[in-house]
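Okay, input_19.txt is below, compact mmCIF, C-alpha atoms:
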```
# COMPACT_ATOMS: atom_id res chain seq x y z
CA LEU A 1 -0.57 26.86 5.51
CA PRO A 2 -0.41 24.01 2.98
CA ALA A 3 -3.84 25.07 1.70
CA LEU A 4 -2.37 28.45 0.74
CA LEU A 5 -0.14 26.65 -1.77
CA ILE A 6 -3.25 26.09 -3.87
CA PHE A 7 -3.28 29.77 -4.81
CA TYR A 8 0.38 29.59 -5.82
CA LEU A 9 -0.15 26.43 -7.87
CA ARG A 10 -3.19 27.85 -9.61
CA ARG A 11 -1.34 31.00 -10.58
CA TYR A 12 2.17 29.83 -11.45
CA VAL A 13 2.13 26.10 -12.30
CA GLU A 14 1.14 25.49 -15.90
CA GLU A 15 -0.92 22.58 -17.18
CA PRO A 16 1.00 19.87 -19.09
CA GLN A 17 0.95 20.56 -22.80
CA VAL A 18 -0.95 17.38 -23.66
CA ALA A 19 -3.69 18.24 -21.15
CA ALA A 20 -4.00 21.82 -22.40
CA GLU A 21 -4.20 20.68 -26.01
CA THR A 22 -6.80 18.03 -25.22
CA ARG A 23 -8.98 20.54 -23.38
CA ALA A 24 -8.68 23.03 -26.22
CA ARG A 25 -9.74 20.45 -28.80
CA ALA A 26 -12.65 19.31 -26.62
CA ALA A 27 -13.81 22.90 -26.11
CA ALA A 28 -13.61 23.59 -29.86
CA ALA A 29 -15.70 20.48 -30.59
CA GLY A 30 -18.18 21.24 -27.81
CA ASP A 31 -17.22 18.03 -26.01
CA ARG A 32 -17.55 18.30 -22.25
CA PRO A 33 -16.47 15.23 -20.22
CA LYS A 34 -19.13 13.87 -17.87
CA ILE A 35 -18.39 12.19 -14.56
CA TRP A 36 -20.52 9.13 -15.36
CA GLU A 37 -18.31 8.29 -18.35
CA ILE A 38 -15.90 6.56 -15.95
CA PHE A 39 -18.70 4.06 -15.23
CA SER A 40 -19.43 3.17 -18.85
CA GLY A 41 -17.97 0.81 -21.44
CA PRO A 42 -14.50 -0.69 -20.93
CA ILE A 43 -13.60 2.10 -18.47
CA LEU A 44 -16.04 0.68 -15.90
CA LYS A 45 -13.74 -2.25 -15.10
CA THR A 46 -10.82 0.12 -14.64
CA THR A 47 -12.84 2.28 -12.27
CA LEU A 48 -14.01 -0.67 -10.19
CA LEU A 49 -10.55 -2.22 -9.82
CA ALA A 50 -8.85 1.09 -9.15
CA SER A 51 -11.45 2.00 -6.51
CA LEU A 52 -11.03 -1.40 -4.85
CA ALA A 53 -7.27 -1.04 -4.83
CA ALA A 54 -7.44 2.49 -3.42
CA ALA A 55 -9.71 1.19 -0.64
CA GLY A 56 -7.24 -1.59 0.16
CA CYS A 57 -4.10 0.50 0.28
CA GLN A 58 -5.67 3.28 2.33
CA GLY A 59 -7.53 0.87 4.61
CA GLY A 60 -4.28 -0.89 5.48
CA TYR A 61 -2.53 2.40 6.12
CA TYR A 62 -5.31 3.71 8.36
CA ALA A 63 -5.57 0.43 10.27
CA ILE A 64 -1.86 0.55 11.08
CA THR A 65 -1.28 4.23 11.78
CA THR A 66 -4.47 4.64 13.84
CA TRP A 67 -3.96 1.66 16.13
CA VAL A 68 -0.17 1.17 16.47
CA PRO A 69 0.10 3.88 19.18
CA ARG A 70 -2.68 2.14 21.12
CA PHE A 71 -1.02 -1.23 20.55
CA LEU A 72 2.23 0.06 22.05
CA THR A 73 0.56 1.39 25.21
CA THR A 74 -1.92 -1.45 25.86
CA GLU A 75 -0.31 -4.60 24.42
CA ARG A 76 3.34 -3.65 25.02
CA HIS A 77 2.63 -1.63 28.17
CA LEU A 78 4.70 1.36 27.11
CA SER A 79 3.95 4.81 28.43
CA ILE A 80 3.04 7.59 26.02
CA VAL A 81 6.50 9.09 26.51
CA SER A 82 8.24 5.74 26.02
CA SER A 83 6.28 5.01 22.84
CA THR A 84 7.49 8.24 21.21
CA GLY A 85 10.73 6.64 20.04
CA TYR A 86 8.86 3.73 18.47
CA LEU A 87 6.52 6.06 16.62
CA SER A 88 9.48 8.18 15.51
CA ALA A 89 11.04 5.11 13.89
CA LEU A 90 7.76 4.48 12.07
CA ILE A 91 7.57 8.11 10.89
CA VAL A 92 11.16 8.13 9.64
CA GLY A 93 10.49 4.86 7.83
CA SER A 94 7.39 6.36 6.24
CA PHE A 95 9.29 9.39 4.95
CA THR A 96 12.04 7.19 3.56
CA GLY A 97 9.42 4.95 1.98
CA TYR A 98 7.88 7.89 0.15
CA LEU A 99 11.25 8.84 -1.34
CA VAL A 100 12.29 5.30 -2.28
CA GLY A 101 8.81 4.46 -3.55
CA ALA A 102 8.85 7.41 -5.93
CA TRP A 103 12.21 6.29 -7.30
CA LEU A 104 11.13 2.65 -7.65
CA ALA A 105 7.89 3.67 -9.38
CA ASP A 106 9.98 5.05 -12.23
CA ARG A 107 12.81 2.54 -11.99
CA LEU A 108 10.78 -0.71 -11.81
CA GLY A 109 7.30 0.43 -12.77
CA ARG A 110 4.11 1.02 -10.81
CA ARG A 111 2.92 -2.56 -10.44
CA PRO A 112 6.23 -4.05 -9.25
CA LEU A 113 6.34 -1.24 -6.67
CA PHE A 114 2.89 -2.21 -5.41
CA LEU A 115 3.84 -5.90 -5.34
CA ILE A 116 6.97 -5.35 -3.26
CA PHE A 117 5.44 -2.90 -0.81
CA SER A 118 2.10 -4.67 -0.27
CA LEU A 119 3.78 -8.02 0.45
CA GLY A 120 6.39 -6.28 2.59
CA ALA A 121 3.69 -4.47 4.59
CA ILE A 122 1.82 -7.73 5.24
CA ALA A 123 4.97 -9.53 6.40
CA VAL A 124 6.14 -6.73 8.70
CA ILE A 125 2.77 -6.03 10.35
CA VAL A 126 2.30 -9.74 11.06
CA ALA A 127 5.78 -9.89 12.62
CA TYR A 128 5.18 -6.64 14.52
CA THR A 129 1.93 -7.75 16.11
CA GLN A 130 2.01 -11.56 16.25
CA ILE A 131 5.57 -12.51 17.24
CA PRO A 132 6.68 -12.02 20.88
CA LEU A 133 9.54 -9.63 20.13
CA SER A 134 11.65 -7.68 22.55
CA ASN A 135 10.98 -3.95 22.76
CA GLY A 136 14.32 -3.29 21.10
CA MET A 137 13.43 -5.49 18.13
CA LEU A 138 10.01 -3.84 17.95
CA TRP A 139 11.72 -0.46 17.69
CA VAL A 140 13.88 -1.76 14.83
CA LEU A 141 10.81 -3.08 12.99
CA GLY A 142 9.15 0.33 13.23
CA PHE A 143 11.27 1.60 10.35
CA PRO A 144 10.36 -1.12 7.81
CA LEU A 145 6.74 -0.99 9.00
CA GLY A 146 6.51 2.70 8.14
CA PHE A 147 8.57 2.16 4.99
CA PHE A 148 6.34 -0.53 3.46
CA ALA A 149 3.03 0.82 4.80
CA SER A 150 3.55 4.24 3.20
CA GLY A 151 5.96 4.00 0.27
CA TYR A 152 3.48 2.79 -2.34
CA PHE A 153 1.55 6.08 -2.11
CA SER A 154 4.32 7.69 -4.16
CA GLY A 155 3.29 5.67 -7.20
CA MET A 156 -0.47 5.86 -6.81
CA GLY A 157 -1.06 9.30 -8.26
CA ALA A 158 0.90 8.55 -11.42
CA PHE A 159 -0.67 5.11 -11.77
CA LEU A 160 -4.26 6.32 -11.42
CA THR A 161 -3.60 9.10 -13.91
CA GLU A 162 -2.23 6.66 -16.46
CA LEU A 163 -5.32 4.46 -16.28
CA TYR A 164 -7.62 7.02 -17.92
CA PRO A 165 -7.64 8.97 -21.17
CA THR A 166 -6.60 12.60 -20.74
CA ARG A 167 -10.14 13.96 -20.90
CA LEU A 168 -11.26 11.78 -17.95
CA ARG A 169 -8.17 11.76 -15.77
CA GLY A 170 -9.40 14.24 -13.20
CA SER A 171 -12.76 12.51 -12.78
CA GLY A 172 -11.30 9.00 -12.76
CA GLN A 173 -8.40 9.61 -10.41
CA GLY A 174 -10.44 11.81 -8.07
CA PHE A 175 -13.30 9.32 -7.77
CA CYS A 176 -11.16 6.22 -7.29
CA TYR A 177 -8.81 7.69 -4.73
CA ASN A 178 -11.53 9.33 -2.65
CA PHE A 179 -13.84 6.33 -2.84
CA GLY A 180 -10.93 4.33 -1.45
CA ARG A 181 -10.39 6.97 1.21
CA GLY A 182 -14.02 6.69 2.33
CA ILE A 183 -14.02 2.89 2.49
CA GLY A 184 -10.55 2.78 4.01
CA ALA A 185 -11.68 5.14 6.77
CA LEU A 186 -13.96 2.36 8.04
CA PHE A 187 -11.03 0.03 8.75
CA PRO A 188 -9.93 1.63 12.06
CA ALA A 189 -13.50 1.23 13.38
CA LEU A 190 -13.57 -2.39 12.23
CA VAL A 191 -10.24 -3.04 13.94
CA GLY A 192 -11.66 -1.64 17.18
CA TYR A 193 -14.79 -3.76 16.85
CA LEU A 194 -12.85 -6.97 16.19
CA SER A 195 -10.30 -6.27 18.93
CA GLU A 196 -12.98 -6.94 21.54
CA ARG A 197 -13.10 -10.55 20.32
CA VAL A 198 -9.58 -11.47 19.21
CA GLY A 199 -7.39 -8.82 20.84
CA LEU A 200 -5.96 -5.62 19.38
CA ALA A 201 -2.77 -7.16 17.98
CA SER A 202 -4.65 -9.82 16.01
CA ALA A 203 -7.29 -7.33 14.83
CA ILE A 204 -4.62 -5.00 13.42
CA ALA A 205 -2.87 -7.88 11.65
CA ILE A 206 -6.10 -9.31 10.22
CA PHE A 207 -7.45 -6.09 8.76
CA ALA A 208 -4.07 -4.86 7.54
CA ALA A 209 -3.47 -8.20 5.78
CA ILE A 210 -6.97 -8.11 4.26
CA ALA A 211 -6.55 -4.52 3.10
CA TYR A 212 -3.12 -5.05 1.53
CA GLY A 213 -4.31 -8.34 0.04
CA VAL A 214 -7.17 -6.50 -1.68
CA PHE A 215 -4.72 -3.84 -2.84
CA TRP A 216 -2.40 -6.50 -4.26
CA ALA A 217 -5.19 -8.47 -5.94
CA ALA A 218 -6.75 -5.43 -7.59
CA TYR A 219 -3.59 -3.69 -8.79
CA VAL A 220 -0.76 -6.09 -9.17
CA PRO A 221 -1.10 -9.56 -10.72
CA ARG A 222 -1.42 -8.78 -14.42
CA GLY A 223 1.67 -6.60 -14.77
CA ALA A 224 3.74 -8.10 -11.99
CA ILE A 225 3.48 -11.65 -13.29
CA ARG A 226 4.76 -10.52 -16.67
CA VAL A 227 7.71 -8.81 -15.00
CA PHE A 228 8.57 -11.85 -12.90
CA ASN A 229 8.25 -14.19 -15.89
CA ARG A 230 10.91 -12.18 -17.69
CA TRP A 231 13.23 -13.04 -14.81
CA GLY A 232 12.63 -16.79 -15.17
CA ASP A 233 10.40 -19.60 -13.95
CA TYR A 234 10.22 -19.21 -10.19
CA SER A 235 7.73 -22.00 -9.45
CA TYR A 236 10.53 -24.52 -8.86
CA GLY A 237 12.33 -21.98 -6.69
CA ILE A 238 9.26 -21.70 -4.48
CA TYR A 239 9.20 -25.49 -4.16
CA ILE A 240 12.89 -25.56 -3.18
CA TYR A 241 12.99 -22.59 -0.80
CA ALA A 242 9.58 -22.63 0.91
CA PHE A 243 10.26 -25.31 3.53
CA PRO A 244 13.73 -24.15 4.69
CA LEU A 245 12.62 -20.51 4.82
CA GLN A 246 9.56 -21.43 6.87
CA GLY A 247 11.91 -23.24 9.25
CA LEU A 248 14.16 -20.17 9.31
CA MET A 249 11.22 -18.00 10.38
CA VAL A 250 10.58 -20.31 13.35
CA TRP A 251 14.28 -20.32 14.25
CA LEU A 252 14.45 -16.51 14.13
CA TRP A 253 11.17 -15.61 15.78
CA GLY A 254 10.21 -18.66 17.81
CA PRO A 255 7.00 -20.75 17.79
CA MET A 256 4.15 -19.33 15.72
CA GLY A 257 0.89 -20.38 14.10
CA PRO A 258 0.84 -21.77 10.53
CA TRP A 259 -0.74 -18.67 8.97
CA THR A 260 1.75 -16.37 10.66
CA ASN A 261 4.56 -18.57 9.36
CA ILE A 262 3.20 -18.53 5.81
CA LEU A 263 2.69 -14.76 5.79
CA LEU A 264 6.24 -14.18 7.01
CA ALA A 265 7.94 -16.73 4.77
CA PHE A 266 6.04 -16.14 1.50
CA PRO A 267 7.54 -12.72 0.52
CA VAL A 268 11.07 -13.93 1.24
CA THR A 269 10.45 -17.20 -0.62
CA LEU A 270 9.10 -15.37 -3.65
CA LEU A 271 12.10 -13.05 -3.86
CA ALA A 272 14.55 -15.92 -3.35
CA SER A 273 12.87 -17.93 -6.11
CA ILE A 274 13.23 -15.37 -8.89
```

Rewritten as structure tokens:
Amino acid sequence: LPALLIFYLRRYVEEPQVAAETRARAAAAGDRPKIWEIFSGPILKTTLLASLAAAGCQGGYYAITTWVPRFLTTERHLSIVSSTGYLSALIVGSFTGYLVGAWLADRLGRRPLFLIFSLGAIAVIVAYTQIPLSNGMLWVLGFPLGFFASGYFSGMGAFLTELYPTRLRGSGQGFCYNFGRGIGALFPALVGYLSERVGLASAIAIFAAIAYGVFWAAYVPRGAIRVFNRWGDYSYGIYIYAFPLQGLMVWLWGPMGPWTNILLAFPVTLLASI
């Protein structure tokens, strides 16, 4: 049924004026955009980074949504029926994340949205899989897991579109997003392969953290650092808050490894330091 909407959109939804005017001028001048233009000149760097970021964000999403049901039945020993409530919390969180992410993309900007949600996704998936939580607490964490693992998608379409000149937007956005989809689709298989060596919980956490780290590194730093610098110098705040917040993580969640502690405490420390 959703595919039938294509016919409605093609017939009744008009092109934006700027796109229609650009196409008309290009047609009058005999200028036809070519797909390989997104791999030439200064646009090449944009294409590479955007493709890398799309691979990271979709790889993290696939790694989580593909394997969390299996994690609940094998690692937490829940039946399929019992795990339904946990997956429902994740789904409701995802839907809420889409709505809030769309609002934040316009309110804060695309890059701050990606910063908040990528760091949030890393922190929650590490807590979800690495800390010995009760089943009740795991159910509660399902909502923020779905929220952070999905919400950034609301800003991706607009962000990819804004990276390219009007004449190349379809080619650029389509290539980057679908290249990321293809690479990201490998992550569930890699999680399964690694789970035979380190366990499913650790494999999910490792590949989700890698994927969201790639997403963050490719998309975020340039714009996000400028935004944070407008709010003040937070380096001293990190120095002040890091140790007590790392201790707080241990007090809340119990004994944990150093990398788990850092991944949990870093997002909270960064926000507290601004």

Show me, as a PyMOL selection string, the residues that have an atom within 9 Å of range 148-160 of chain A when counting only C-alpha atoms, minus same-chain residues fewer than 4 positions from it.
chain A and resi 50+54+57-58+60-61+64-65+93-106+109-111+113-114+116-122+124-125+143-144+164+169+172-174+176-177

Gap from CA of Gly182 in chain A to CA of Tyr62 in chain A - Å, one decimal:
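Pair CA of Gly182 in chain A / CA of Tyr62 in chain A returns 11.0 Å.
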
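All protein and nucleic acid residues in the vicinity of (5.2, 9.6, 14.3), that is within 12 Å when counting all atoms listed in the file, are Ile64, Thr65, Thr66, Val68, Pro69, Ser83, Thr84, Gly85, Tyr86, Leu87, Ser88, Ala89, Leu90, Ile91, Val92, Gly93, Ser94, Phe95, Gly142, Phe143, Leu145 and Gly146 of chain A.
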
Selection: 7 Å around range 183-185 of chain A, only C-alpha atoms, excl. self and same-chain fewer than 3 positions, as a list in words:
Ala55, Gly56, Gln58, Gly59, Tyr62, Phe179, Gly180 and Pro188 of chain A

Could you tell me how far CA of Ile131 in chain A lies from CA of Trp253 in chain A, in Å and to one decimal?
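So the two atoms, CA of Ile131 in chain A and CA of Trp253 in chain A, lie 6.6 Å apart.
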
Work out how far CA of Arg167 in chain A is from CA of Ala19 in chain A, in Å to one decimal.
7.7 Å

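You can rank A:Val198, A:Ala218, A:Ala242, A:Ala127 by their closest distance to Leu264 in chain A using all atoms listed in the file, and at the top of that list sits A:Ala127.
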
Extending 4 Å beyond the listed atoms of range 122-128 of chain A on each side, what axis-aligned box results? I want centre and edge lengths in Å to one decimal, as AutoDock Vina command-line options.
```
--center_x 4.0 --center_y -8.0 --center_z 9.9 --size_x 12.3 --size_y 11.9 --size_z 17.3
```

Can you pull out every residue within 8 Å of Ala63 in chain A, counting all atoms listed in the file, but drop anything in the same chain fewer than 4 positions away, and send it as a PyMOL selection string?
chain A and resi 59+67+187-188+191+204+207-208

Given only C-alpha atoms as the counted atoms, nearest of A:Gly136, A:Ala205, A:Thr269, A:Leu48 to Leu163 in chain A:
A:Leu48

Tell me which protein, DNA and RNA residues are within 8 Å of Ile38 in chain A, counting all atoms listed in the file, leaving out same-chain ones fewer than 6 positions away, and put them as a PyMOL selection string.
chain A and resi 44+47+168+171-172

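Counting only C-alpha atoms and comparing A:Leu49, A:Arg76, A:Phe175, A:Arg70, the residue that lies closest to Trp36 in chain A is A:Phe175.
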